[in-house]
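K.L.:
Below is the file data-v3.txt, which contains compact mmCIF, C-alpha atoms and all ligand atoms.
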```txt
# COMPACT_ATOMS: atom_id res chain seq x y z
CA MET A 1261 -15.37 7.80 2.78
CA THR A 1262 -11.59 8.17 2.51
CA PRO A 1263 -9.82 5.80 4.91
CA ALA A 1264 -7.28 7.41 7.19
CA SER A 1265 -3.65 6.36 7.05
CA ASP A 1266 -2.59 3.73 9.58
CA GLU A 1267 1.08 3.94 8.73
CA ASN A 1268 3.65 6.51 9.80
CA VAL A 1269 1.38 7.65 12.62
CA GLN A 1270 3.49 8.69 15.60
CA SER A 1271 1.75 9.38 18.86
CA ASN A 1272 5.00 10.20 20.69
CA PRO A 1273 8.03 12.23 19.59
CA PRO A 1274 10.74 9.94 18.14
CA SER A 1275 13.27 8.68 20.63
CA PRO A 1276 16.73 10.27 20.15
CA VAL A 1277 18.25 6.79 19.72
CA ALA A 1278 15.63 5.66 17.21
CA VAL A 1279 17.05 7.68 14.32
CA GLY A 1280 16.93 6.37 10.74
CA PRO A 1281 14.34 5.47 8.15
CA LYS A 1282 11.20 3.75 9.48
CA LYS A 1283 11.15 0.13 8.34
CA SER A 1284 7.81 -0.61 6.74
CA ARG A 1285 5.74 -3.60 7.74
CA PRO A 1286 5.65 -6.62 5.43
CA ASP A 1287 2.71 -6.68 3.04
CA TRP A 1288 0.85 -9.44 4.86
CA MET A 1289 1.10 -7.56 8.16
CA LEU A 1290 -0.22 -4.33 6.61
CA MET A 1291 -3.08 -6.23 4.92
CA THR A 1292 -3.99 -8.04 8.15
CA ALA A 1293 -3.96 -4.76 10.11
CA LYS A 1294 -6.19 -3.14 7.48
CA PHE A 1295 -8.54 -6.12 7.53
CA LEU A 1296 -8.84 -6.01 11.31
CA LYS A 1297 -9.53 -2.27 11.19
CA HIS A 1298 -11.73 -1.94 8.08
CA GLY A 1299 -13.22 -5.44 7.74
CA THR A 1300 -15.39 -6.00 4.69
CA SER A 1301 -13.95 -3.10 2.67
CA ILE A 1302 -10.64 -5.02 2.64
CA ALA A 1303 -12.15 -8.53 2.87
CA SER A 1304 -8.86 -10.41 2.88
CA PHE A 1305 -6.33 -11.21 5.60
CA SER A 1306 -3.39 -11.39 3.22
CA PRO A 1307 -2.37 -10.29 -0.26
CA SER A 1308 -3.15 -12.63 -3.16
CA SER A 1309 -0.55 -15.26 -3.90
CA GLY A 1310 1.40 -15.38 -7.14
CA TYR A 1311 -0.85 -18.29 -8.19
CA LEU A 1312 -3.97 -16.16 -7.91
CA ALA A 1313 -2.32 -13.08 -9.41
CA ARG A 1314 -1.18 -15.07 -12.46
CA ALA A 1315 -4.61 -16.69 -12.84
CA MET A 1316 -6.17 -13.21 -12.96
CA LEU A 1317 -4.15 -12.49 -16.10
CA ARG A 1318 -4.38 -15.88 -17.82
CA GLY A 1319 -5.36 -15.59 -21.48
CA ILE A 1320 -4.87 -11.83 -21.77
CA ASP A 1321 -3.28 -10.89 -25.07
CA PHE A 1322 -0.83 -8.26 -23.90
CA GLU A 1323 0.19 -7.54 -27.49
CA LYS A 1324 -3.34 -6.40 -28.28
CA ALA A 1325 -4.42 -4.71 -25.05
CA GLN A 1326 -4.53 -0.92 -25.28
CA CYS A 1327 -5.76 -0.21 -21.77
CA ILE A 1328 -6.00 -2.25 -18.56
CA ILE A 1329 -7.60 -1.05 -15.33
CA GLU A 1330 -6.89 -2.64 -11.97
CA LEU A 1331 -9.41 -1.89 -9.22
CA GLY A 1332 -8.52 -2.46 -5.55
CA ALA A 1333 -4.81 -3.19 -5.92
CA GLY A 1334 -3.94 -3.47 -2.21
CA THR A 1335 -0.19 -4.04 -1.82
CA GLY A 1336 0.15 -4.84 -5.52
CA PRO A 1337 0.61 -8.60 -6.12
CA ILE A 1338 -1.48 -8.43 -9.30
CA THR A 1339 0.00 -5.07 -10.32
CA ALA A 1340 3.45 -6.67 -10.21
CA GLU A 1341 2.36 -9.46 -12.55
CA ILE A 1342 0.69 -7.00 -14.94
CA LEU A 1343 3.82 -4.86 -15.06
CA LYS A 1344 5.94 -7.92 -15.90
CA ARG A 1345 3.81 -8.55 -18.99
CA ILE A 1346 2.64 -5.15 -20.13
CA GLN A 1347 3.82 -3.75 -23.47
CA PRO A 1348 4.96 -0.15 -23.99
CA HIS A 1349 1.80 0.73 -25.97
CA THR A 1350 -0.57 -0.39 -23.17
CA LYS A 1351 -1.92 2.07 -20.64
CA LEU A 1352 -2.37 0.72 -17.09
CA ILE A 1353 -4.37 2.58 -14.46
CA VAL A 1354 -4.26 1.21 -10.93
CA VAL A 1355 -7.09 2.35 -8.65
CA GLU A 1356 -6.85 1.98 -4.88
CA LEU A 1357 -8.81 3.78 -2.17
CA ASP A 1358 -6.55 3.28 0.83
CA PRO A 1359 -3.74 5.86 1.22
CA ASP A 1360 -1.27 3.45 2.85
CA PHE A 1361 -1.70 0.92 0.06
CA CYS A 1362 -1.28 3.74 -2.48
CA HIS A 1363 1.92 4.86 -0.80
CA ARG A 1364 3.24 1.33 -0.96
CA LEU A 1365 2.20 0.93 -4.60
CA ARG A 1366 3.88 4.21 -5.59
CA THR A 1367 7.08 3.26 -3.78
CA ARG A 1368 7.12 -0.17 -5.37
CA PHE A 1369 6.03 0.86 -8.87
CA PRO A 1370 7.28 4.45 -9.28
CA ASN A 1371 6.45 4.60 -13.00
CA ALA A 1372 2.91 3.25 -12.72
CA ASP A 1373 -0.23 5.41 -12.83
CA ILE A 1374 -1.62 4.88 -9.31
CA ALA A 1375 -4.92 6.67 -8.69
CA GLU A 1376 -5.87 7.08 -5.03
CA ALA A 1377 -9.57 7.01 -5.72
CA ASP A 1378 -12.86 5.26 -5.23
CA ALA A 1379 -13.48 2.68 -7.95
CA SER A 1380 -16.94 4.13 -8.42
CA LYS A 1381 -15.17 7.16 -9.99
CA LEU A 1382 -13.84 4.95 -12.79
CA GLU A 1383 -15.44 6.91 -15.62
CA GLU A 1384 -14.11 10.21 -14.30
CA LEU A 1385 -10.62 8.71 -14.06
CA LEU A 1386 -10.82 7.50 -17.66
CA ASP A 1387 -12.24 10.79 -18.93
CA ALA A 1388 -9.47 12.74 -17.19
CA ARG A 1389 -6.95 10.64 -19.13
CA GLY A 1390 -8.84 10.81 -22.43
CA ILE A 1391 -9.42 7.05 -22.53
CA PRO A 1392 -12.71 5.95 -24.11
CA HIS A 1393 -12.34 2.16 -23.91
CA VAL A 1394 -10.71 -0.46 -21.72
CA ASP A 1395 -9.75 -4.00 -22.71
CA HIS A 1396 -9.63 -5.60 -19.27
CA VAL A 1397 -10.94 -4.59 -15.87
CA ILE A 1398 -9.04 -6.57 -13.23
CA SER A 1399 -10.98 -6.28 -9.99
CA GLY A 1400 -9.69 -7.19 -6.55
CA LEU A 1401 -12.57 -5.27 -4.98
CA PRO A 1402 -14.69 -7.09 -2.41
CA LEU A 1403 -17.76 -6.43 -4.59
CA PRO A 1404 -20.13 -8.90 -2.85
CA SER A 1405 -19.75 -7.01 0.43
CA PHE A 1406 -20.42 -3.59 -1.13
CA PRO A 1407 -23.90 -2.04 -0.89
CA ALA A 1408 -25.83 -3.30 -3.94
CA ALA A 1409 -26.15 0.17 -5.49
CA VAL A 1410 -22.38 0.75 -5.30
CA ARG A 1411 -21.63 -2.71 -6.75
CA ASP A 1412 -24.16 -2.14 -9.54
CA ALA A 1413 -22.62 1.24 -10.38
CA ILE A 1414 -19.03 -0.06 -10.49
CA ILE A 1415 -19.95 -3.01 -12.70
CA ARG A 1416 -22.15 -0.82 -14.92
CA SER A 1417 -19.46 1.81 -15.51
CA SER A 1418 -16.80 -0.88 -16.08
CA ALA A 1419 -19.03 -2.65 -18.60
CA LYS A 1420 -19.91 0.62 -20.35
CA ARG A 1421 -16.21 1.30 -21.00
CA LEU A 1422 -15.21 -2.25 -22.00
CA SER A 1423 -14.26 -2.75 -25.65
CA PRO A 1424 -16.44 -5.32 -27.50
CA GLU A 1425 -13.95 -8.14 -26.87
CA GLY A 1426 -13.09 -6.88 -23.40
CA ASP A 1427 -13.67 -8.67 -20.12
CA PHE A 1428 -14.27 -7.97 -16.45
CA ARG A 1429 -12.19 -10.19 -14.16
CA GLN A 1430 -13.03 -10.57 -10.51
CA LEU A 1431 -10.98 -12.36 -7.87
CA THR A 1432 -12.50 -14.22 -4.98
CA ASN A 1433 -11.42 -16.07 -1.87
CA MET A 1434 -14.70 -17.97 -1.77
CA PRO A 1435 -14.65 -20.29 -4.81
CA TYR A 1436 -17.92 -20.74 -6.76
CA VAL A 1437 -20.06 -18.88 -4.18
CA TYR A 1438 -20.69 -15.77 -6.27
CA TRP A 1439 -21.07 -17.37 -9.72
CA LYS A 1440 -24.80 -16.72 -9.63
CA LEU A 1441 -24.29 -13.12 -8.51
CA TYR A 1442 -21.98 -12.28 -11.43
CA GLY A 1443 -24.34 -14.17 -13.75
CA LYS A 1444 -26.96 -11.52 -13.00
CA TYR A 1445 -24.67 -8.90 -14.55
CA PHE A 1446 -23.00 -10.81 -17.42
CA GLU A 1447 -24.16 -13.30 -20.05
CA SER A 1448 -20.93 -15.28 -19.92
CA VAL A 1449 -19.24 -16.03 -16.59
CA LYS A 1450 -16.36 -18.50 -16.38
CA PHE A 1451 -14.67 -19.51 -13.17
CA GLU A 1452 -11.15 -20.81 -12.59
CA ILE A 1453 -10.34 -22.16 -9.15
CA VAL A 1454 -6.90 -21.50 -7.69
CA PRO A 1455 -6.52 -24.14 -4.96
CA LEU A 1456 -2.95 -23.20 -4.09
CA ASN A 1457 -3.92 -19.74 -2.90
CA LEU A 1458 -4.37 -19.54 0.88
CA PRO A 1459 -7.30 -19.56 1.37
CA PRO A 1460 -8.26 -21.24 -1.93
CA GLY A 1461 -9.38 -18.58 -4.37
CA GLY A 1462 -10.36 -18.14 -7.94
CA VAL A 1463 -11.14 -15.84 -10.82
CA TYR A 1464 -14.44 -15.01 -12.54
CA THR A 1465 -14.04 -13.88 -16.14
CA CYS A 1466 -17.16 -12.07 -17.27
CA LYS A 1467 -18.32 -10.86 -20.69
CA GLY A 1468 -21.46 -9.44 -22.26
CA TYR A 1469 -23.15 -7.05 -19.85
CA ARG A 1470 -26.85 -7.88 -19.58
CA THR A 1471 -29.40 -5.20 -20.38
CA THR A 1472 -31.32 -6.68 -17.43
CA ALA A 1473 -28.37 -6.44 -15.01
CA PRO A 1474 -29.14 -5.01 -11.57
CA GLY A 1475 -28.71 -1.23 -11.87
CA ALA A 1476 -28.28 -1.39 -15.67
CA THR A 1477 -30.41 1.72 -15.89
CA PRO A 1478 -29.28 4.20 -13.27
CA THR A 1479 -32.18 5.68 -11.33
C1 LIG B 1 -9.32 -8.13 -1.17
S1 LIG B 1 -8.23 -6.70 -1.20
C2 LIG B 1 -7.37 -7.14 -2.70
C3 LIG B 1 -6.01 -6.55 -2.77
C4 LIG B 1 -5.12 -7.05 -3.92
N1 LIG B 1 -5.74 -6.88 -5.21
C5 LIG B 1 -4.74 -8.51 -3.75
O1 LIG B 1 -5.13 -9.31 -4.61
O2 LIG B 1 -4.04 -8.83 -2.79
C6 LIG B 1 -9.39 -5.43 -1.69
C7 LIG B 1 -8.78 -4.06 -1.99
O3 LIG B 1 -9.79 -3.20 -2.51
C8 LIG B 1 -9.59 -1.89 -1.97
N2 LIG B 1 -10.86 -1.16 -2.04
C9 LIG B 1 -11.98 -1.38 -1.28
N3 LIG B 1 -12.96 -0.55 -1.66
C10 LIG B 1 -12.48 0.20 -2.69
C11 LIG B 1 -13.03 1.20 -3.52
N4 LIG B 1 -14.28 1.64 -3.36
N5 LIG B 1 -12.26 1.76 -4.48
C12 LIG B 1 -10.97 1.34 -4.67
N6 LIG B 1 -10.38 0.37 -3.91
C13 LIG B 1 -11.12 -0.19 -2.93
C14 LIG B 1 -9.11 -2.16 -0.54
O4 LIG B 1 -8.47 -1.05 0.01
C15 LIG B 1 -8.19 -3.37 -0.78
O5 LIG B 1 -6.90 -2.94 -1.09
```
Just give me the structure as structure tokens.
P.N.:
Amino acid sequence: MTPASDENVQSNPPSPVAVGPKKSRPDWMLMTAKFLKHGTSIASFSPSSGYLARAMLRGIDFEKAQCIIELGAGTGPITAEILKRIQPHTKLIVVELDPDFCHRLRTRFPNADIAEADASKLEELLDARGIPHVDHVISGLPLPSFPAAVRDAIIRSSAKRLSPEGDFRQLTNMPYVYWKLYGKYFESVKFEIVPLNLPPGGVYTCKGYRTTAPGATPT
């Protein structure tokens, strides 16, 4: 389902004295409002801190990467860190479902490829751009709260497009809790805690999609 926009909605005609550009809400306020309205599909009260955003990218060889996908970018704290490091030869595709977040991302990063789309359409997005393989999938999606079939499909299509050395990176605001879950999908799962994020968060770095992963064979 496509979420409706919560920004720039005017129920009354503008007051004659209130002329001028509408000042947009700070990121944390927009994220909190979205969380209160949409709950588990947002799954976070506030955008990730710089600590968590940088941890998501730790160890990536930006000289080598040909294509990076970010899923569930929100207001863009991780996008900003990727764009600081990315090289001219690397393609970045940022996927976000919510129209207000997409508007904010496009305003903030006018040269970035922002796809307002469901992450489960990942393969279609790649095919439309003629991209066969991806080096890193950087996921801010609240995967544990998705229906199992949707989570399975997103992880399966990400893994199918990963290059042999590629990895799937997943952020969390619940350290260690989902290690076992991601271990069902990937042979190697490493976790780095980020205690300075509020709330404390962390990053799972996953490699080697299991042939026995849930949903590995689509029904
Ligand atoms: C926990 S927030 C993370 C936002 C941002 N990456 C950060 O670190 O602050 C999850 C984001 O995933 C987005 N999202 C949820 N379901 C999605 C889907 N099916 N496809 C694409 N984005 C989705 C939400 O709109 C939200 O922006």
K.L.:
What's around Ile1302 in chain A at 10 Å? Count only C-alpha atoms, leave out sequence neighbours fewer than 3 positions away in its own chain, and write the answer as a ChimeraX atom specification.
P.N.:
/A:1291-1292,1294-1299,1305-1306,1332,1334,1358,1400-1402,1405
K.L.:
Grab the residues selected above and save them as an mmCIF file, in the frame of the given file with C-alpha atoms.
P.N.:
```cif
data_model
loop_
_atom_site.group_PDB
_atom_site.id
_atom_site.type_symbol
_atom_site.label_atom_id
_atom_site.label_comp_id
_atom_site.auth_asym_id
_atom_site.auth_seq_id
_atom_site.Cartn_x
_atom_site.Cartn_y
_atom_site.Cartn_z
ATOM 1 C CA MET A 1291 -3.080 -6.230 4.920
ATOM 2 C CA THR A 1292 -3.990 -8.040 8.150
ATOM 3 C CA LYS A 1294 -6.190 -3.140 7.480
ATOM 4 C CA PHE A 1295 -8.540 -6.120 7.530
ATOM 5 C CA LEU A 1296 -8.840 -6.010 11.310
ATOM 6 C CA LYS A 1297 -9.530 -2.270 11.190
ATOM 7 C CA HIS A 1298 -11.730 -1.940 8.080
ATOM 8 C CA GLY A 1299 -13.220 -5.440 7.740
ATOM 9 C CA PHE A 1305 -6.330 -11.210 5.600
ATOM 10 C CA SER A 1306 -3.390 -11.390 3.220
ATOM 11 C CA GLY A 1332 -8.520 -2.460 -5.550
ATOM 12 C CA GLY A 1334 -3.940 -3.470 -2.210
ATOM 13 C CA ASP A 1358 -6.550 3.280 0.830
ATOM 14 C CA GLY A 1400 -9.690 -7.190 -6.550
ATOM 15 C CA LEU A 1401 -12.570 -5.270 -4.980
ATOM 16 C CA PRO A 1402 -14.690 -7.090 -2.410
ATOM 17 C CA SER A 1405 -19.750 -7.010 0.430
#
```
K.L.:
Looking at all atoms listed in the file, which of A:Thr1471, A:Thr1432, A:Ser1309, A:Thr1300 is the one that sits closest to Leu1456 in chain A?
P.N.:
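So, comparing all the options, the nearest one is A:Ser1309.
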K.L.:
Quick one: distance from atom O3 of ligand LIG 1 (chain B) to CA of Ser1399 in chain A in Å, one decimal?
P.N.:
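Between atom O3 of ligand LIG 1 (chain B) and CA of Ser1399 in chain A the gap is 8.2 Å.
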K.L.:
I'd like the interatomic distance between CA of Ala1377 in chain A and CA of Tyr1311 in chain A, to a tenth of an Å.
P.N.:
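Pair CA of Ala1377 in chain A / CA of Tyr1311 in chain A returns 26.9 Å.
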K.L.:
Could you tell me how far CA of Cys1466 in chain A lies from CA of Glu1447 in chain A, in Å and to one decimal?
P.N.:
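It comes out at 7.6 Å.
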K.L.:
Measuring between all atoms listed in the file, which one of A:Asn1457, A:Thr1335, A:Ser1418, A:Thr1350 shows the shortest distance to ligand LIG 1 (chain B)?
P.N.:
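Comparing A:Asn1457, A:Thr1335, A:Ser1418, A:Thr1350 against ligand LIG 1 (chain B), the winner is A:Thr1335.
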K.L.:
Can you work out which one of A:Gly1319, A:Gly1462, A:Pro1370, A:Pro1455 has the shortest atom-to-atom distance to ligand LIG 1 (chain B), counting all atoms listed in the file?
P.N.:
A:Gly1462
K.L.:
Compare A:Ala1333, A:Leu1343, A:Met1316, A:Met1289 by their minimum atom-to-atom distance to ligand LIG 1 (chain B), counting all atoms listed in the file, and give me the closest one.
P.N.:
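Ranking A:Ala1333, A:Leu1343, A:Met1316, A:Met1289 by distance to ligand LIG 1 (chain B), first place goes to A:Ala1333.
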K.L.:
Could you list, as a VMD selection string, every residue within 12 Å of Arg1366 in chain A, counting only C-alpha atoms and ignoring same-chain residues fewer than 3 positions away?
P.N.:
chain A and resid 1333 to 1336 1339 to 1340 1354 to 1356 1359 to 1363 1369 to 1376
